[in-house]
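**Student:** Okay, so here is entry-v3.cif, and as you'll see once you scroll down, it has mmCIF, C-alpha atoms.
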```cif
data_upload
#
loop_
_atom_site.label_atom_id
_atom_site.label_comp_id
_atom_site.auth_asym_id
_atom_site.auth_seq_id
_atom_site.Cartn_x
_atom_site.Cartn_y
_atom_site.Cartn_z
CA MET A 1368 116.26 99.87 93.18
CA THR A 1369 115.28 97.51 90.38
CA GLU A 1370 118.94 96.81 89.65
CA LEU A 1371 119.53 95.97 93.31
CA THR A 1372 116.50 93.64 93.33
CA PHE A 1373 117.74 91.97 90.15
CA ILE A 1374 121.19 91.39 91.66
CA ALA A 1375 119.60 89.97 94.84
CA GLN A 1376 117.43 87.62 92.78
CA LEU A 1377 120.46 86.51 90.80
CA GLY A 1378 122.33 85.83 94.04
CA ILE A 1379 119.46 83.77 95.46
CA TYR A 1380 119.17 81.66 92.30
CA ALA A 1381 122.95 81.12 92.29
CA MET A 1382 122.73 80.04 95.95
CA MET A 1383 119.93 77.59 95.13
CA PHE A 1384 122.04 76.11 92.33
CA VAL A 1385 125.08 75.74 94.60
CA VAL A 1386 122.96 74.09 97.32
CA LEU A 1387 121.50 71.58 94.85
CA ALA A 1388 124.96 70.80 93.42
CA ALA A 1389 126.32 70.27 96.93
CA ALA A 1390 123.34 68.03 97.75
CA VAL A 1391 124.04 65.89 94.68
CA ALA A 1392 127.67 65.68 95.79
CA ALA A 1393 126.56 64.66 99.30
CA VAL A 1394 124.66 61.63 97.99
CA THR A 1395 127.01 60.54 95.19
CA LEU A 1396 130.63 61.00 96.33
CA ARG A 1397 132.50 57.84 97.28
CA ASN A 1398 134.48 59.24 100.19
CA LEU A 1399 132.11 59.76 103.13
CA PHE A 1400 134.20 62.57 104.59
CA HIS A 1401 133.73 64.56 101.36
CA CYS A 1402 129.99 63.82 101.60
CA ALA A 1403 129.93 65.32 105.10
CA LEU A 1404 131.70 68.46 103.85
CA ALA A 1405 129.17 68.75 100.99
CA LEU A 1406 126.38 68.40 103.58
CA ALA A 1407 127.92 71.31 105.50
CA GLY A 1408 127.75 73.33 102.28
CA VAL A 1409 124.07 72.45 101.87
CA LEU A 1410 123.29 73.44 105.46
CA ILE A 1411 125.06 76.80 105.12
CA GLY A 1412 123.24 77.42 101.83
CA VAL A 1413 119.87 76.65 103.46
CA ALA A 1414 120.76 79.16 106.18
CA GLY A 1415 121.30 81.64 103.36
CA MET A 1416 117.84 80.78 102.03
CA TYR A 1417 116.39 81.57 105.48
CA LEU A 1418 118.15 84.93 105.35
CA ALA A 1419 116.66 85.56 101.91
CA MET A 1420 113.22 84.82 103.37
CA HIS A 1421 113.74 87.25 106.29
CA ALA A 1422 114.06 84.55 108.95
CA GLU A 1423 117.30 85.85 110.42
CA PHE A 1424 117.11 84.17 113.82
CA LEU A 1425 116.34 80.86 112.16
CA ALA A 1426 119.43 81.22 109.96
CA MET A 1427 121.58 81.70 113.06
CA VAL A 1428 119.97 78.66 114.73
CA GLN A 1429 120.59 76.62 111.58
CA ILE A 1430 124.29 77.55 111.58
CA LEU A 1431 124.65 76.86 115.32
CA ILE A 1432 122.80 73.54 115.55
CA TYR A 1433 123.30 71.96 112.15
CA VAL A 1434 126.71 73.20 111.07
CA GLY A 1435 127.99 73.36 114.63
CA ALA A 1436 126.56 70.33 116.42
CA VAL A 1437 125.13 67.84 113.91
CA MET A 1438 128.10 68.13 111.53
CA THR A 1439 130.50 67.52 114.43
CA LEU A 1440 128.55 64.38 115.37
CA ILE A 1441 128.55 63.08 111.79
CA ILE A 1442 132.27 63.72 111.30
CA PHE A 1443 132.96 62.01 114.64
CA ALA A 1444 131.01 58.94 113.54
CA ILE A 1445 132.78 58.88 110.16
CA MET A 1446 136.19 59.04 111.83
CA LEU A 1447 135.32 56.32 114.36
CA THR A 1448 134.27 54.01 111.50
CA GLN A 1449 137.01 55.26 109.19
CA ARG A 1450 137.86 51.93 107.55
CA LEU A 1451 134.37 51.70 106.03
CA GLY A 1452 134.00 55.28 104.82
CA ALA A 1453 137.15 55.40 102.69
CA GLY A 1454 136.98 55.87 98.94
CA ASP A 1455 137.92 52.30 97.98
CA VAL A 1456 134.80 50.73 99.53
CA ALA A 1457 131.61 50.81 97.45
CA GLN A 1458 129.16 53.19 99.17
CA ASN A 1459 126.15 52.68 96.88
CA ASN A 1460 124.12 49.55 96.34
CA LYS A 1461 123.10 48.20 92.93
CA GLN A 1462 119.83 50.16 92.80
CA SER A 1463 121.16 53.54 91.64
CA LEU A 1464 119.14 53.46 88.41
CA PHE A 1465 115.87 52.58 90.15
CA GLY A 1466 116.53 55.18 92.83
CA ALA A 1467 117.17 57.87 90.22
CA VAL A 1468 114.02 56.94 88.29
CA ALA A 1469 111.95 57.01 91.49
CA ALA A 1470 113.33 60.40 92.52
CA ALA A 1471 112.81 61.84 89.02
CA GLY A 1472 109.22 60.58 88.92
CA PHE A 1473 108.63 62.15 92.32
CA VAL A 1474 109.99 65.51 91.11
CA VAL A 1475 107.94 65.44 87.90
CA THR A 1476 104.70 64.55 89.70
CA LEU A 1477 105.03 66.95 92.62
CA GLY A 1478 106.57 69.72 90.51
CA GLY A 1479 103.72 69.55 87.98
CA ILE A 1480 101.16 69.75 90.77
CA LEU A 1481 102.74 72.66 92.63
CA TRP A 1482 103.42 74.57 89.41
CA LYS A 1483 99.71 74.50 88.48
CA THR A 1484 98.39 75.29 91.96
CA PRO A 1485 97.34 78.94 92.41
CA TRP A 1486 99.02 79.75 95.72
CA PRO A 1487 97.09 82.39 97.69
CA VAL A 1488 100.01 84.68 98.41
CA LYS A 1489 98.97 87.31 100.96
CA GLU A 1490 100.56 90.72 100.71
CA GLU A 1491 100.43 91.30 104.48
CA ALA A 1492 102.27 88.04 105.13
CA VAL A 1493 105.03 89.01 102.68
CA THR A 1494 105.53 92.46 104.15
CA SER A 1495 105.09 91.57 107.83
CA SER A 1496 108.10 91.95 110.09
CA PHE A 1497 108.72 89.26 112.63
CA SER A 1498 111.64 89.62 115.01
CA ALA A 1499 113.39 87.21 117.35
CA SER A 1500 111.57 88.66 120.38
CA ASP A 1501 108.19 88.02 118.70
CA LEU A 1502 109.37 84.47 118.09
CA GLY A 1503 110.29 84.02 121.75
CA GLU A 1504 107.00 85.52 122.89
CA SER A 1505 104.88 83.15 120.81
CA LEU A 1506 107.11 80.26 121.91
CA MET A 1507 106.31 81.14 125.52
CA THR A 1508 102.57 81.74 125.04
CA THR A 1509 100.85 79.95 122.16
CA TYR A 1510 103.36 77.16 121.65
CA VAL A 1511 104.43 76.56 125.24
CA LEU A 1512 103.13 72.97 125.31
CA PRO A 1513 105.19 71.73 122.32
CA PHE A 1514 108.13 73.67 123.76
CA GLU A 1515 107.91 71.75 127.05
CA ILE A 1516 107.41 68.45 125.24
CA ILE A 1517 110.49 69.03 123.10
CA ALA A 1518 112.49 69.69 126.28
CA ILE A 1519 111.48 66.26 127.62
CA VAL A 1520 112.26 64.66 124.24
CA LEU A 1521 115.73 66.19 124.19
CA PHE A 1522 116.37 65.00 127.75
CA ALA A 1523 115.31 61.46 126.84
CA VAL A 1524 117.51 61.58 123.72
CA LEU A 1525 120.50 62.72 125.79
CA ILE A 1526 120.15 59.74 128.13
CA GLY A 1527 119.26 57.32 125.36
CA ALA A 1528 122.25 58.21 123.18
CA ILE A 1529 124.64 57.71 126.10
CA VAL A 1530 123.05 54.38 127.07
CA VAL A 1531 123.11 53.07 123.50
CA ALA A 1532 126.65 54.19 122.68
CA ARG A 1533 128.48 53.37 125.92
CA LYS A 1534 130.65 50.32 126.28
CA ASP A 1535 129.14 47.40 128.17
CA ALA A 1536 129.45 47.71 131.92
CA PRO A 1537 132.37 45.73 133.41
CA LYS A 1538 131.55 42.28 134.73
CA GLY A 1539 130.28 42.35 138.28
CA ALA A 1540 129.43 46.04 138.28
CA GLU A 1541 125.74 45.28 138.50
CA GLN A 1542 125.94 43.37 141.77
CA MET B 257 109.78 87.95 99.07
CA ILE B 258 111.66 88.88 95.95
CA ILE B 259 111.50 85.51 94.20
CA PRO B 260 108.22 83.69 93.42
CA LEU B 261 106.95 81.05 95.82
CA GLU B 262 106.89 78.43 93.06
CA HIS B 263 110.64 78.65 92.55
CA ILE B 264 111.33 78.06 96.24
CA LEU B 265 108.93 75.12 96.23
CA MET B 266 110.67 73.63 93.18
CA PHE B 267 114.02 74.09 94.95
CA SER B 268 112.82 72.26 98.04
CA THR B 269 111.21 69.52 95.92
CA LEU B 270 114.54 68.92 94.20
CA LEU B 271 116.38 68.89 97.54
CA PHE B 272 113.84 66.41 98.93
CA ALA B 273 114.18 64.16 95.86
CA ILE B 274 117.97 64.18 96.14
CA GLY B 275 117.60 63.13 99.77
CA VAL B 276 115.17 60.34 98.80
CA TYR B 277 117.63 59.14 96.14
CA GLY B 278 120.40 59.11 98.76
CA THR B 279 118.36 57.07 101.24
CA LEU B 280 117.49 54.58 98.50
CA VAL B 281 120.97 53.97 97.11
CA ARG B 282 123.36 54.36 100.05
CA ARG B 283 124.85 51.26 101.65
CA ASN B 284 126.49 53.10 104.51
CA LEU B 285 124.27 53.98 107.50
CA ILE B 286 126.01 57.35 107.93
CA GLY B 287 125.28 58.11 104.27
CA ILE B 288 121.60 57.39 104.90
CA LEU B 289 121.64 59.73 107.91
CA ILE B 290 123.20 62.48 105.74
CA SER B 291 120.40 61.98 103.18
CA ILE B 292 117.76 62.23 105.94
CA GLU B 293 119.26 65.56 107.00
CA LEU B 294 118.83 66.76 103.39
CA ILE B 295 115.14 65.73 103.45
CA LEU B 296 114.49 67.53 106.74
CA ASN B 297 116.16 70.68 105.41
CA ALA B 298 113.91 70.64 102.35
CA VAL B 299 110.89 70.45 104.66
CA ASN B 300 112.18 73.36 106.73
CA VAL B 301 112.64 75.54 103.63
CA ASN B 302 109.04 74.80 102.68
CA LEU B 303 107.73 75.69 106.14
CA VAL B 304 109.52 79.05 106.16
CA ALA B 305 108.50 79.85 102.58
CA PHE B 306 104.82 79.23 103.35
CA SER B 307 105.02 81.18 106.60
CA ARG B 308 106.28 84.18 104.61
CA THR B 309 103.68 84.00 101.84
CA THR B 310 100.36 82.24 102.48
CA ALA B 311 100.14 81.77 106.26
CA LEU B 312 97.66 83.60 108.45
CA SER B 313 100.29 84.34 111.08
CA PRO B 314 103.99 84.61 110.24
CA ASP B 315 105.21 82.80 113.36
CA THR B 316 103.74 79.30 112.96
CA GLY B 317 106.07 78.11 110.21
CA GLN B 318 109.19 79.41 111.92
CA ILE B 319 108.22 77.91 115.30
CA PHE B 320 107.64 74.51 113.74
CA THR B 321 110.94 74.82 111.89
CA PHE B 322 112.59 75.12 115.32
CA PHE B 323 110.87 71.94 116.44
CA VAL B 324 111.92 70.13 113.28
CA ILE B 325 115.53 71.26 113.79
CA ALA B 326 115.46 70.04 117.40
CA LEU B 327 114.00 66.67 116.42
CA ALA B 328 116.52 66.34 113.57
CA ALA B 329 119.37 66.92 116.01
CA ALA B 330 117.83 64.32 118.33
CA ALA B 331 117.49 61.85 115.45
CA ALA B 332 121.11 62.43 114.43
CA ALA B 333 122.35 61.89 117.99
CA VAL B 334 120.42 58.64 118.55
CA GLY B 335 121.11 57.41 115.00
CA LEU B 336 124.86 57.92 115.26
CA ALA B 337 124.87 56.29 118.70
CA ILE B 338 123.15 53.25 117.15
CA VAL B 339 125.70 53.30 114.30
CA LEU B 340 128.58 53.25 116.76
CA ALA B 341 127.00 50.46 118.83
CA LEU B 342 126.44 48.43 115.65
CA TYR B 343 130.02 49.02 114.52
CA ARG B 344 131.34 47.81 117.87
CA THR B 345 129.35 44.58 117.84
CA SER B 346 129.41 43.55 114.17
CA ARG B 347 132.35 45.61 112.74
CA THR B 348 130.21 46.85 109.85
CA ILE B 349 127.80 49.71 109.23
CA PHE B 350 126.58 48.57 105.81
CA THR B 351 122.92 47.85 105.41
CA ASP B 352 123.32 44.91 103.02
#
```
Can you present the structure in this file as structure tokens?

**Tutor:**
Amino acid sequence: MTELTFIAQLGIYAMMFVVLAAAVAAVTLRNLFHCALALAGVLIGVAGMYLAMHAEFLAMVQILIYVGAVMTLIIFAIMLTQRLGAGDVAQNNKQSLFGAVAAAGFVVTLGGILWKTPWPVKEEAVTSSFSASDLGESLMTTYVLPFEIIAIVLFAVLIGAIVVARKDAPKGAEQ
Amino acid sequence: MIIPLEHILMFSTLLFAIGVYGTLVRRNLIGILISIELILNAVNVNLVAFSRTTALSPDTGQIFTFFVIALAAAAAAVGLAIVLALYRTSRTIFTD
């Protein structure tokens, strides 16, 4: 059993490393289409992290919504603006050094804080089982108000995206 | 949970910082949207990790991860619609 646990730990750390490498690729590559593919790798890896944390339904939702829907949208937008996303156009501004310093300072500060904090890990929370039907039940009882609000938000977004992205109405159509 | 909570938190901190770096240095609006997706994913990993270790009830973190995913999809849809509208009017999607 300890060997199996060790192999699982090794796999999770390898997955973390691959996700971080793909994230670096997603923000540094010059060709935007390659960036989008690296982002798909990150999203699939994060779904793997959810699986490692026993959130199986969430991993499926992540694959369906992010890798299925959001990636399709992003690749559509890249293809519609293809001339600007090609490799021979500079994609980064002149502030790469300052950006890297800011991000590194953020990591050092926050990492130092969270490494020293004694997290109160509860044994019953680690061992609890929580299935998709429990998730649906609490979504329909305790969290029903945010659930309804998010439905309205998604409806507004659906209309808003169409209104913003459509071509202008032909002349005289308003009368 | 077979790996310590601190390691997952360090992982999500690094993912968040990479996303912040991307939003700071990208010229292309679609690149900035990609970086924002990275940031939101780091937040989601944190929510699930805390819901599995320190939370009083195991459902809260996962439920709010659903809401974050839904809002991220909404942000991506509206953001890309704005990008396309901008490209049609000014033929550029660069921020500078």

**Student:** Residues near Phe1443 (chain A), anyone? I mean within 12 Å using all atoms listed in the file, not counting same-chain ones fewer than 3 positions away, as an mmCIF file with C-alpha atoms, keeping the file's coordinate frame.

**Tutor:**
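Okay, this is what ended up in around.cif:
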```cif
data_model
loop_
_atom_site.group_PDB
_atom_site.id
_atom_site.type_symbol
_atom_site.label_atom_id
_atom_site.label_comp_id
_atom_site.auth_asym_id
_atom_site.auth_seq_id
_atom_site.Cartn_x
_atom_site.Cartn_y
_atom_site.Cartn_z
ATOM 1 C CA LEU A 1399 132.110 59.760 103.130
ATOM 2 C CA PHE A 1400 134.200 62.570 104.590
ATOM 3 C CA ALA A 1403 129.930 65.320 105.100
ATOM 4 C CA ALA A 1436 126.560 70.330 116.420
ATOM 5 C CA VAL A 1437 125.130 67.840 113.910
ATOM 6 C CA MET A 1438 128.100 68.130 111.530
ATOM 7 C CA THR A 1439 130.500 67.520 114.430
ATOM 8 C CA LEU A 1440 128.550 64.380 115.370
ATOM 9 C CA MET A 1446 136.190 59.040 111.830
ATOM 10 C CA LEU A 1447 135.320 56.320 114.360
ATOM 11 C CA THR A 1448 134.270 54.010 111.500
ATOM 12 C CA GLN A 1449 137.010 55.260 109.190
ATOM 13 C CA GLY A 1452 134.000 55.280 104.820
ATOM 14 C CA ILE B 286 126.010 57.350 107.930
ATOM 15 C CA ALA B 332 121.110 62.430 114.430
ATOM 16 C CA ALA B 333 122.350 61.890 117.990
ATOM 17 C CA LEU B 336 124.860 57.920 115.260
ATOM 18 C CA ALA B 337 124.870 56.290 118.700
ATOM 19 C CA VAL B 339 125.700 53.300 114.300
ATOM 20 C CA LEU B 340 128.580 53.250 116.760
#
```

**Student:** Select, as a PyMOL selection string, those residues of chain B with any atom no more than 8 Å from chain A (distances computed using all atoms listed in the file).

**Tutor:** chain B and resi 257-259+262+265-267+269-271+273-278+280-284+286-287+290-291+294+297+301+304-305+307-315+318-319+322-323+325-327+329-330+332-334+336-341+343+348-349

**Student:** CA of Leu296 (chain B) and CA of Asn1398 (chain A), how far apart in Å?

**Tutor:**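 Between CA of Asn1398 (chain A) and CA of Leu296 (chain B) the gap works out to 22.6 Å.
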
**Student:** What's the separation between CA of Ala328 (chain B) and CA of Leu1512 (chain A), in Å to one decimal place?

**Tutor:** 19.0 Å

**Student:** So how many Å separate CA of Ile1519 (chain A) and CA of Ala331 (chain B), to one decimal?

**Tutor:**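 CA of Ala331 (chain B) lies 14.3 Å from CA of Ile1519 (chain A).
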